[in-house]
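Step one of this worksheet: look at the structure below.
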Amino acid sequence: MAVTVQEALDLIKYHIPKTKYEVIPIEYATSRISADDIFATHIMPRFNNSAMDGYGVKIKDASQKVTVIQTLLAGCKEEPKIKMGQCVKIMTGARVPNSVDAVIPQELVEIINETTIKLPKDIQESSHIRFVGEDIKNGECLIQEGDDINFAKITLLASQGITHIKVYKKPKVTVFASGEELKLHYQDVKKYQIYNSNTPTLIARAQELGCDVNFVGMARDNVDSLKELISNSLDSDLIVTSGGVSVGEADFTKEAFEEMGVDTIFDGIIIKPGKPTVLGKINNTTILNLPGNPLASALIFEMFGKILVQKLSGSRNTNHNIIQTKLQEDLSNKKGRITIIPGYFDGLAFNPSLQRSPGMVSTLSNCNSMIVLDKEVEFLKQSSEVNILPINWKFFTNNIDQKDFLTYATK
């Protein structure tokens with residue numbers, strides 16, 4: 001029985017387990033998911049230090065000439081005690097002596113000679129001093145289990161002297177093709193035949209999402225051939241197929257999975273395009289059978305497959321996030337079912353794709369996002385507010401007339 005969109009998402013999050021974990025060097029942990037809570041063992045900064053190249057001074061010496069008694073470099077162990085009428089020259093990152101009230105940037109002082117400077121009249125206490133523990137406190141949670149590890153998280157780990165981290169293993173995904181009417185892209189085709197674009201698409205997308213992906217071949221149009229491929233793929237966390245899950249006479253995929261003992265989680269989603277989508281499990285392997293139409297298959301994977309991968313990866317971020325924007329032009333829709341509309345978000349508005357038939361292959365190459373319309377939506381006028389979901393999200397443009405990216409003060 002077909003389920004609603006929200007039911008499908010909930011079932012994915014409820015039924016799909018995390019992968020196992022492994023320990024790897026932090027330099028190789030980018031785009032991985034932490035399998036542990038990680039806490040600070042060192043405060044940061046570990047000592048009061050200078051935020052600028054300048055001079056450590058006494059506030060009461062404002063507007064006065066003072067003598068430079070020493071230069072302090074980053075890493076210097078010395079901590080001289082300055083008196084009234086004295087100062088130290090200090091470099092960024094160097095330890096600030098307790099006797100110093102403030103650091104004055106070197107460009108704000110008047111150089112009299114090599115050992116004498118004149119201070120400005122306005123000196124704020126503690127200015128340009130980074131204090132012990134103001135960045136990271138001892139015992140503070142730096143990374144939560146389920147967090148994505150990126151360059152900024154690696155900064156935190158390195159600051160604590162952490163060399164290795166426990167992360168969830170990359171989901172192992174197997175993709176295979178079914179349907180002899182389709183030819184793989186490296187085969188010759190007759191005039192009455194077409195290439196299988198779904199399989200390379202799914203392999204590439206799963207790799208982009210951080211999975212280890214295997215391709216195990218193309219099944220012939222019989223149940224035994226499909227069962228052989230399924231059996232060979234059950235060491236994977238996820239098997240993804242497309243086609244063969246509707247009611248056609250030559251659709252053997254569903255039958256083959258049933259004979260292999262699949263436990264069906266849902267059979268169909270009330271959505272357009274992509275209703276004939278099936279999710280199931282054989283032991284510890286999740287099975288995702290996608291529609292055969294190329295655009296439908298890709299959009300359903302964006303809507304549901306990405307959440308499935310997030311859950312398998314161990315991420316705690318398993319809900320679609322949105323960006324609110326405006327429609328660039330009027331949009332008509334046949335109501336009655338939740339509908340996915342691909343399009344392009346240029347940073348200012350969402351432009352729905354004019355070509356979005358489920359069988360098209362060119363549409364997504366010109367899209368970077370999609371909107372999902374409620375079943376009652378029949379028409380949205382230009383400038384209506386919409387919620388977009390990203391598809392690919394390196395957010396650049398070749399439009400030289402793109403709006404200025406600076407944010408200005410409001411009038």
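FYI, nothing fancy with the structure tokens labels: chains A, B, ... in order, residues from 1 per chain, ligands from 1 as they appear.
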Quiz item: as a ChimeraX atom specification, which residues of segment 145-322 of chain A does DSSP assign to strand (DSSP E or B)?
Solution: /A:148,164-168,172-177,182-183,194-195,212-218,238-242,263-267,269,271-272,278-282,285-290
Exercise. For segment 206-215 of chain A, work out the shell of residues within 10 Å, counting only C-alpha atoms and skipping chain neighbours fewer than 2 positions away, then give it as a VMD selection string.
Key: chain A and resid 31 to 32 169 to 177 199 to 204 217 to 218 233 236 to 240 301 305 to 306 309 to 310 312 to 313 392
Practice problem: Record the distance separating atom CA of Gln124 of chain A and atom CA of Asn98 of chain A, expressed in Å with one decimal. | Solution: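 Interatomic distance here is 16.0 Å.
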Practice problem: Taking the DSSP assignment computed from this structure's backbone, write out as a list of chain:residue names all residues of segment 244-380 of chain A that belong to alpha helix (DSSP H). | Solution: A:Thr253, A:Lys254, A:Glu255, A:Ala256, A:Phe257, A:Glu258, A:Glu259, A:Pro294, A:Leu295, A:Ala296, A:Ser297, A:Ala298, A:Leu299, A:Ile300, A:Lys306, A:Ile307, A:Leu308, A:Val309, A:Gln310, A:Lys311, A:Leu312
Self-check item: For segment 149-163 of chain A: contacts at 9 Å, only C-alpha atoms, fewer than 4 positions along chain excluded, given as a PyMOL selection string
Solution: chain A and resi 24-27+29-34+38+40-44+142-143+167
Practice problem: Please indicate the distance in Å from atom CA of Thr339 of chain A to atom CA of Ser315 of chain A, rounded to one decimal place. | Solution: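 We find that atom CA of Thr339 of chain A and atom CA of Ser315 of chain A lie 26.9 Å from each other.
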Practice problem: Please identify all polymer residues within 7 Å of Thr277 of chain A, counting only C-alpha atoms, omitting same-chain residues fewer than 2 positions from it, and present them as JSON, numbers by chain. | Solution: {"A": [267, 268, 269, 274, 275, 279, 289, 290, 291]}
